[in-house]
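Below is input39.cif, holding mmCIF, C-alpha atoms.
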data_upload
#
loop_
_atom_site.label_atom_id
_atom_site.label_comp_id
_atom_site.auth_asym_id
_atom_site.auth_seq_id
_atom_site.Cartn_x
_atom_site.Cartn_y
_atom_site.Cartn_z
CA MET R 3 6.30 18.34 15.53
CA VAL R 4 4.68 19.31 12.24
CA PRO R 5 2.95 16.40 10.49
CA ALA R 6 4.60 14.86 7.44
CA ILE R 7 1.30 15.12 5.54
CA GLN R 8 -1.81 17.03 6.54
CA VAL R 9 -4.95 16.94 4.42
CA GLU R 10 -7.95 19.02 5.51
CA GLN R 11 -11.32 18.66 3.78
CA VAL R 12 -9.69 18.11 0.39
CA SER R 13 -12.07 17.57 -2.54
CA LYS R 14 -11.52 17.12 -6.25
CA HIS R 15 -14.25 17.32 -8.87
CA TYR R 16 -14.00 16.57 -12.58
CA GLY R 17 -17.25 17.95 -13.94
CA GLY R 18 -19.96 15.80 -12.38
CA LEU R 19 -17.45 13.24 -11.06
CA THR R 20 -16.23 13.52 -7.48
CA ALA R 21 -12.80 11.92 -7.18
CA LEU R 22 -12.24 13.08 -3.59
CA ASP R 23 -14.99 14.09 -1.19
CA ALA R 24 -13.82 16.23 1.78
CA VAL R 25 -10.95 13.94 2.77
CA SER R 26 -9.12 14.75 6.01
CA LEU R 27 -5.99 12.87 7.01
CA THR R 28 -2.87 13.42 9.12
CA ILE R 29 0.29 11.36 8.74
CA GLU R 30 2.99 11.94 11.34
CA GLN R 31 6.70 12.11 10.61
CA GLY R 32 8.38 8.70 10.64
CA GLU R 33 5.21 6.69 9.98
CA PHE R 34 4.93 3.82 7.52
CA PHE R 35 1.40 4.51 6.32
CA GLY R 36 -0.83 2.52 3.99
CA LEU R 37 -3.36 4.13 1.65
CA LEU R 38 -5.65 1.39 0.34
CA GLY R 39 -8.71 1.24 -1.86
CA PRO R 40 -10.11 -0.28 -5.05
CA ASN R 41 -9.40 1.21 -8.45
CA GLY R 42 -11.11 4.60 -8.74
CA ALA R 43 -11.23 5.18 -4.97
CA GLY R 44 -9.21 8.40 -5.21
CA LYS R 45 -5.76 7.26 -4.03
CA THR R 46 -3.81 8.46 -7.05
CA THR R 47 -5.80 11.72 -7.16
CA LEU R 48 -4.79 12.42 -3.56
CA ILE R 49 -1.15 11.61 -4.33
CA ASN R 50 -1.21 13.88 -7.38
CA ILE R 51 -2.57 16.73 -5.26
CA LEU R 52 0.25 16.24 -2.74
CA ALA R 53 2.78 16.18 -5.60
CA GLY R 54 1.38 19.36 -7.13
CA LEU R 55 0.25 17.63 -10.32
CA VAL R 56 -3.44 18.26 -9.64
CA LEU R 57 -5.05 21.30 -8.00
CA PRO R 58 -7.66 20.51 -5.34
CA SER R 59 -11.20 21.79 -5.86
CA GLY R 60 -11.38 22.58 -2.16
CA GLY R 61 -9.52 22.13 1.10
CA ILE R 62 -5.85 22.37 2.06
CA ALA R 63 -3.00 19.87 1.70
CA ARG R 64 0.41 20.31 3.30
CA VAL R 65 3.71 18.41 3.16
CA LEU R 66 5.85 19.04 6.25
CA GLY R 67 3.78 22.17 6.87
CA HIS R 68 4.18 23.54 3.33
CA ASP R 69 0.97 24.26 1.43
CA VAL R 70 1.12 22.28 -1.82
CA VAL R 71 -0.45 25.20 -3.74
CA ASN R 72 0.96 28.35 -2.17
CA GLN R 73 4.32 26.90 -1.10
CA TYR R 74 4.71 24.36 -3.87
CA ARG R 75 8.50 24.59 -4.20
CA ALA R 76 9.13 23.65 -0.56
CA ALA R 77 6.37 21.03 -0.64
CA ARG R 78 7.84 19.31 -3.71
CA ARG R 79 11.37 19.31 -2.29
CA ALA R 80 10.04 17.48 0.78
CA LEU R 81 8.30 14.80 -1.28
CA GLY R 82 9.46 11.93 -3.44
CA VAL R 83 6.84 10.05 -5.47
CA VAL R 84 7.12 6.70 -7.24
CA PRO R 85 4.26 6.78 -9.79
CA GLN R 86 2.27 3.83 -11.10
CA GLU R 87 3.08 4.54 -14.74
CA LEU R 88 6.44 3.72 -16.30
CA VAL R 89 7.50 7.23 -17.35
CA PHE R 90 11.08 7.65 -18.57
CA ASP R 91 13.28 9.55 -21.00
CA PRO R 92 14.55 7.07 -23.63
CA PHE R 93 17.64 9.12 -24.56
CA PHE R 94 19.64 8.83 -21.32
CA THR R 95 21.41 6.15 -19.33
CA VAL R 96 20.37 5.22 -15.81
CA ARG R 97 23.16 7.29 -14.24
CA GLU R 98 22.40 10.29 -16.44
CA THR R 99 18.71 10.05 -15.57
CA LEU R 100 19.47 10.14 -11.85
CA THR R 101 22.02 12.93 -12.25
CA PHE R 102 19.54 15.09 -14.15
CA GLN R 103 16.87 14.32 -11.53
CA SER R 104 19.27 15.60 -8.86
CA GLY R 105 19.75 18.77 -10.88
CA TYR R 106 16.02 19.42 -10.94
CA PHE R 107 16.25 19.84 -7.16
CA GLY R 108 19.40 21.98 -7.33
CA ILE R 109 21.72 19.21 -6.13
CA ARG R 110 25.08 19.30 -7.94
CA ASP R 111 27.43 16.77 -6.41
CA ASN R 112 25.15 13.85 -5.62
CA ARG R 113 27.36 11.07 -6.95
CA ASP R 114 27.82 9.13 -3.69
CA TRP R 115 24.10 8.98 -2.93
CA ILE R 116 23.26 8.03 -6.53
CA GLU R 117 25.75 5.15 -6.33
CA GLU R 118 24.26 4.01 -3.02
CA VAL R 119 20.70 4.11 -4.35
CA MET R 120 21.70 2.19 -7.48
CA HIS R 121 23.51 -0.39 -5.34
CA HIS R 122 20.51 -1.01 -3.07
CA LEU R 123 18.14 -1.28 -6.06
CA ASP R 124 20.52 -3.56 -8.01
CA LEU R 125 20.96 -0.96 -10.73
CA ALA R 126 24.75 -0.62 -10.55
CA GLU R 127 25.36 -3.05 -13.41
CA LYS R 128 22.87 -1.11 -15.57
CA ALA R 129 24.25 2.35 -14.74
CA GLU R 130 25.49 2.99 -18.29
CA THR R 131 22.54 1.29 -20.01
CA ASN R 132 20.11 3.42 -22.00
CA MET R 133 16.68 3.61 -20.39
CA ARG R 134 14.85 2.26 -23.44
CA ALA R 135 16.95 -0.93 -23.30
CA LEU R 136 15.81 -1.83 -19.77
CA SER R 137 13.15 -4.37 -18.90
CA GLY R 138 9.90 -3.22 -17.29
CA GLY R 139 11.12 -4.30 -13.84
CA MET R 140 14.39 -2.40 -14.26
CA LYS R 141 12.56 0.72 -15.38
CA ARG R 142 10.46 0.56 -12.25
CA ARG R 143 13.63 0.35 -10.16
CA VAL R 144 14.82 3.56 -11.84
CA LEU R 145 11.51 5.25 -10.97
CA VAL R 146 12.10 4.34 -7.33
CA ALA R 147 15.66 5.68 -7.54
CA GLN R 148 14.43 8.95 -9.10
CA ALA R 149 12.00 9.47 -6.22
CA LEU R 150 14.80 8.96 -3.69
CA VAL R 151 17.60 10.85 -5.41
CA HIS R 152 17.04 14.15 -3.54
CA LYS R 153 16.67 12.38 -0.15
CA PRO R 154 13.09 13.51 0.46
CA PRO R 155 11.86 13.21 4.06
CA VAL R 156 8.45 12.03 2.78
CA ILE R 157 8.29 9.20 0.22
CA VAL R 158 5.09 8.14 -1.55
CA LEU R 159 5.09 4.74 -3.26
CA ASP R 160 2.15 4.33 -5.64
CA GLU R 161 1.96 0.62 -6.50
CA PRO R 162 5.78 0.30 -6.48
CA THR R 163 5.86 -3.50 -6.87
CA ALA R 164 3.24 -3.86 -9.60
CA GLY R 165 4.58 -6.24 -12.22
CA VAL R 166 8.02 -6.76 -10.65
CA ASP R 167 9.70 -9.99 -9.67
CA VAL R 168 9.98 -11.37 -6.14
CA GLU R 169 13.69 -10.59 -5.90
CA LEU R 170 13.19 -6.89 -6.61
CA ARG R 171 10.22 -6.75 -4.26
CA GLN R 172 12.29 -8.10 -1.38
CA ALA R 173 15.26 -5.84 -2.15
CA LEU R 174 12.99 -2.80 -2.44
CA TRP R 175 11.25 -3.42 0.88
CA GLN R 176 14.55 -4.01 2.63
CA PHE R 177 15.80 -0.63 1.38
CA ILE R 178 12.51 1.17 2.15
CA ARG R 179 12.42 -0.28 5.67
CA ARG R 180 15.92 1.07 6.20
CA LEU R 181 14.85 4.54 5.02
CA ASN R 182 11.89 4.40 7.40
CA ARG R 183 14.17 3.42 10.29
CA ASP R 184 16.34 6.40 9.40
CA GLY R 185 13.33 8.69 9.90
CA HIS R 186 11.76 8.95 6.44
CA THR R 187 7.97 8.93 6.29
CA ILE R 188 6.66 6.28 3.89
CA VAL R 189 3.20 6.33 2.31
CA LEU R 190 2.31 3.18 0.38
CA THR R 191 -0.52 2.32 -1.96
CA THR R 192 -0.68 -1.30 -3.05
CA HIS R 193 -3.07 -4.00 -4.19
CA TYR R 194 -0.83 -6.58 -2.48
CA LEU R 195 -2.50 -6.31 0.89
CA GLU R 196 -0.11 -8.76 2.52
CA GLU R 197 2.57 -6.10 1.92
CA ALA R 198 0.49 -3.45 3.65
CA GLU R 199 -0.23 -5.78 6.57
CA ALA R 200 3.46 -6.58 7.04
CA LEU R 201 4.84 -3.07 6.55
CA CYS R 202 2.32 -0.40 7.57
CA GLY R 203 1.75 0.77 11.12
CA ARG R 204 -1.44 2.63 10.18
CA ILE R 205 -3.83 2.28 7.28
CA ALA R 206 -6.53 4.42 5.66
CA MET R 207 -9.03 2.81 3.30
CA LEU R 208 -10.71 4.90 0.61
CA LYS R 209 -13.94 4.12 -1.20
CA GLN R 210 -15.54 6.41 -3.79
CA GLY R 211 -13.41 9.35 -2.70
CA ARG R 212 -14.07 9.01 1.03
CA ILE R 213 -12.12 7.51 3.92
CA VAL R 214 -14.16 4.57 5.22
CA ALA R 215 -11.58 3.18 7.68
CA LEU R 216 -8.58 4.70 9.45
CA ASP R 217 -6.72 2.94 12.24
CA THR R 218 -3.57 1.09 13.16
CA THR R 219 -3.09 -2.17 11.31
CA ARG R 220 -3.21 -4.03 14.61
CA ASN R 221 -6.54 -2.47 15.59
CA LEU R 222 -8.07 -3.18 12.18
CA LEU R 223 -7.14 -6.84 12.55
CA ARG R 224 -8.33 -6.94 16.16
CA THR R 225 -11.59 -5.03 15.65
CA HIS R 226 -12.76 -7.43 12.99
CA ALA R 227 -12.57 -10.33 15.39
CA GLY R 228 -13.31 -13.89 14.53
CA CYS R 229 -11.63 -16.74 12.76
CA TYR R 230 -12.13 -19.27 10.02
CA VAL R 231 -12.05 -23.05 10.09
CA GLU R 232 -11.26 -24.94 6.91
CA LEU R 233 -12.32 -28.57 6.90
CA ARG R 234 -12.02 -31.68 4.78
CA LEU R 235 -14.60 -34.23 5.82
CA ASN R 236 -15.48 -37.89 5.32
CA PRO R 237 -18.16 -38.23 4.15
CA ASP R 238 -17.99 -34.89 2.30
CA ARG R 239 -21.03 -33.29 3.88
CA LEU R 240 -21.69 -30.71 6.58
CA PRO R 241 -24.21 -31.62 9.31
CA GLN R 242 -27.22 -29.32 9.15
CA PRO R 243 -26.66 -27.72 12.63
CA LEU R 244 -23.28 -26.38 11.45
CA GLU R 245 -24.65 -24.55 8.43
CA ARG R 246 -25.35 -21.56 10.70
CA PHE R 247 -21.62 -20.78 10.70
CA ALA R 248 -21.82 -19.04 7.30
CA ALA R 249 -20.44 -22.11 5.57
CA GLN R 250 -18.70 -21.73 2.21
CA ARG R 251 -18.09 -24.66 -0.08
CA ARG R 252 -14.41 -24.93 -0.94
CA GLU R 253 -12.56 -27.24 -3.26
CA GLY R 254 -12.42 -30.50 -1.37
CA GLY R 255 -14.04 -29.12 1.76
CA TYR R 256 -15.71 -26.25 3.64
CA ARG R 257 -14.83 -22.96 5.27
CA LEU R 258 -16.79 -21.86 8.36
CA ALA R 259 -16.78 -18.30 9.73
CA LEU R 260 -16.70 -18.25 13.54
CA ARG R 261 -17.13 -15.39 16.00
CA ASP R 262 -14.15 -16.49 18.09
CA TYR R 263 -11.89 -19.44 18.79
CA SER R 264 -14.23 -20.88 21.46
CA GLU R 265 -16.62 -21.93 18.69
CA VAL R 266 -14.06 -24.34 17.23
CA GLU R 267 -14.96 -26.85 19.93
CA ARG R 268 -18.66 -26.61 19.00
CA VAL R 269 -17.82 -27.32 15.38
CA VAL R 270 -15.81 -30.41 16.30
CA ALA R 271 -18.59 -31.63 18.61
CA GLY R 272 -21.19 -31.04 15.87
CA LEU R 273 -19.20 -33.09 13.39
CA ARG R 274 -18.84 -35.95 15.85
CA ALA R 275 -22.57 -35.86 16.61
CA GLY R 276 -23.29 -35.97 12.87
CA GLY R 277 -21.08 -38.99 12.34
CA VAL R 278 -18.61 -37.07 10.15
CA GLU R 279 -14.87 -37.75 10.33
CA ILE R 280 -12.41 -34.83 10.19
CA GLN R 281 -9.66 -35.49 7.66
CA GLU R 282 -8.10 -32.02 7.83
CA LEU R 283 -8.76 -29.01 10.04
CA GLU R 284 -7.06 -25.60 9.88
CA VAL R 285 -7.93 -22.58 12.02
CA MET R 286 -7.04 -19.14 10.58
CA ARG R 287 -7.59 -15.54 11.63
CA PRO R 288 -8.84 -13.00 9.06
CA ASP R 289 -6.02 -11.23 7.25
CA LEU R 290 -6.05 -7.64 6.00
CA GLU R 291 -7.32 -8.67 2.58
CA GLU R 292 -10.44 -10.26 4.07
CA ILE R 293 -11.03 -7.26 6.32
CA PHE R 294 -10.58 -4.95 3.32
CA VAL R 295 -13.23 -6.89 1.39
CA GLN R 296 -15.63 -6.72 4.36
CA ILE R 297 -15.22 -2.94 4.65
CA MET R 298 -15.56 -2.34 0.91
CA GLN R 299 -18.79 -4.38 0.81
CA ARG R 300 -20.50 -2.16 3.38
CA PRO R 301 -23.17 0.12 1.92
#

Now, as a test, write the supplied structure out as structure tokens.
Amino acid sequence: MVPAIQVEQVSKHYGGLTALDAVSLTIEQGEFFGLLGPNGAGKTTLINILAGLVLPSGGIARVLGHDVVNQYRAARRALGVVPQELVFDPFFTVRETLTFQSGYFGIRDNRDWIEEVMHHLDLAEKAETNMRALSGGMKRRVLVAQALVHKPPVIVLDEPTAGVDVELRQALWQFIRRLNRDGHTIVLTTHYLEEAEALCGRIAMLKQGRIVALDTTRNLLRTHAGCYVELRLNPDRLPQPLERFAAQRREGGYRLALRDYSEVERVVAGLRAGGVEIQELEVMRPDLEEIFVQIMQRP
């Protein structure tokens, strides 16, 4: 089966600035894939290359086997992109916007699918509302609908929930999960790493235009083993032998970084030996956000 997205040694240079540095990446059909990185890491540049908005300086990018440069028509038909920016035409209603978007892809009678998309994104009541009269959250819903209106097999979501309310976020993810179950490939960039952890089966992390981590979400969480213990103590002091656990002072207590869960018992024994009473104790595993920070801090 041809990959949904295949990127081979793709680079992009803007004068002396390297936005992407020989990035290679394969995303299989049906995956829910996370593309993470700090601002300026190259995520949006890579998405723009896939969408045909930016020409690569080197390398090859394909969408469902179609070269994004030499076979750009087929590549663009296979791809739906939800951009970060709120870009809209202020002269049309929501329904007109989606109808015209269908026409751009040569789809004439798309009424049923447009109605379904509007229903799932809670846009039905705003169907006849002019775009300029919508709130920021509603405009973002329309951007999502525009990306889905031609039923693309590959969907790229570039910060789709930035600045939207919790209700929309939940409705959007419910709909996107359904599309993924139906076989659509989903590529997500987000700064809400709890979303990526919950949704994505595999994750690539970019830093300064290079991929610095690429694995399943489960393996990323497992590879960076260890746990944290958060403590509130009486008296509010940490016995000196326990300071070796990379202690961090927290509001009202301490956080200790442990190699594994077996060290929890040593912490408790050390507190008893130091005459310190435990008022609260919570054991937590690192989440994706903490692992992301660890990886980004590597030289």

> Which residues, protein or nucleic acid, reach to within 9 Å of (-12.9, 14.5, 3.5) in the file's coordinates when using only C-alpha atoms, and can you give that as number ranges by chain?
Replying inline: R: 9-13, 22-27, 61, 211-213

> Could you work out how far atom CA of R:Val4 lies from atom CA of R:Leu216, giving the answer in Å with one decimal?
Replying inline: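 If I compute the distance from atom CA of R:Leu216 to atom CA of R:Val4, I get 19.9 Å.
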
>> Please list as a list in words every residue within 10 Å of R:Gly36, counting all atoms listed in the file and excluding residues in the same chain fewer than 6 positions away.
In response: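 Using all atoms listed in the file, the neighbours found are Val158, Leu159, Ile188, Val189, Leu190, Thr191, Thr192, Leu195, Glu197, Ala198, Glu199, Leu201, Cys202, Gly203, Arg204, Ile205, Ala206, Met207, Leu216, Thr218 and Thr219 of chain R.
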
>> Show me, as a count of residues only, the residues that have an atom within 12 Å of R:Leu150 when counting only C-alpha atoms, minus same-chain residues fewer than 6 positions from it.
In response: 32

>> Need the shell around R:Phe247: protein/DNA/RNA residues with any atom at most 8 Å away, counting only C-alpha atoms. Skip same-chain ones fewer than 5 positions apart. Format as a list in words?
In response: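 Residues meeting the cut-off are Leu258, Ala259 and Leu260 of chain R.
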
Centre and size of axis-aligned box enclosing stretch 50-66 of chain R plus 6 Å each side, as lines of an AutoDock Vina configuration file:
center_x = -2.8
center_y = 18.2
center_z = -2.0
size_x = 29.2
size_y = 20.7
size_z = 28.6

> How many Å separate atom CA of R:Leu38 from atom CA of R:Gly139?
Replying inline: 22.7 Å

> Excluding same-chain residues fewer than 6 positions from R:Glu284, what lies within 7 Å of it counting all atoms listed in the file, as a PyMOL selection string?
Replying inline: chain R and resi 231-233

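Atom CA of R:Pro5 is found 4.5 Å from atom CA of R:Glu30.
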
> So, counting all atoms listed in the file, which residue among R:Val214, R:Leu223, R:Ile297, R:Ile62 is closest to R:Leu48?
Replying inline: R:Ile62

Suppose a student applies the PyMOL selection byres ((chain R and resi 19) around 12) to this structure; what residues should they get, written as a compact mmCIF listing (two decimals) with C-alpha atoms, keeping the file's coordinate frame?
# COMPACT_ATOMS: atom_id res chain seq x y z
CA SER R 13 -12.07 17.57 -2.54
CA LYS R 14 -11.52 17.12 -6.25
CA HIS R 15 -14.25 17.32 -8.87
CA TYR R 16 -14.00 16.57 -12.58
CA GLY R 17 -17.25 17.95 -13.94
CA GLY R 18 -19.96 15.80 -12.38
CA THR R 20 -16.23 13.52 -7.48
CA ALA R 21 -12.80 11.92 -7.18
CA LEU R 22 -12.24 13.08 -3.59
CA ASP R 23 -14.99 14.09 -1.19
CA GLY R 42 -11.11 4.60 -8.74
CA ALA R 43 -11.23 5.18 -4.97
CA GLY R 44 -9.21 8.40 -5.21
CA SER R 59 -11.20 21.79 -5.86
CA GLN R 210 -15.54 6.41 -3.79
CA GLY R 211 -13.41 9.35 -2.70

> Taking all atoms listed in the file into account, which of R:Leu37, R:Asp124, R:Gly254, R:Ala149 comes nearest R:Tyr194?
Replying inline: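 Result for the nearest residue to R:Tyr194: R:Leu37.
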
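In this comparison, which uses all atoms listed in the file, the residue of R:Arg134, R:Asn72, R:Ala6, R:Arg239 approaching R:Asp91 most closely is R:Arg134.
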
> Could you spell out the hits of the PyMOL selection byres ((chain R and resi 288) around 9) on the shown file, as JSON, numbers by chain?
Replying inline: {"R": [223, 226, 227, 228, 229, 230, 286, 287, 289, 290, 291, 292, 293]}

> Closest to R:Thr163 among R:Leu88, R:Met3, R:Leu273, R:Ile109, using all atoms listed in the file?
Replying inline: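 The shortest atom-to-atom distance to R:Thr163 comes from R:Leu88.
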
> Could you write out as a ChimeraX atom specification the residues that the PyMOL selection byres ((chain R and resi 136) around 12) matches in the shown file?
Replying inline: /R:88,90-92,94-96,125,127-135,137-144
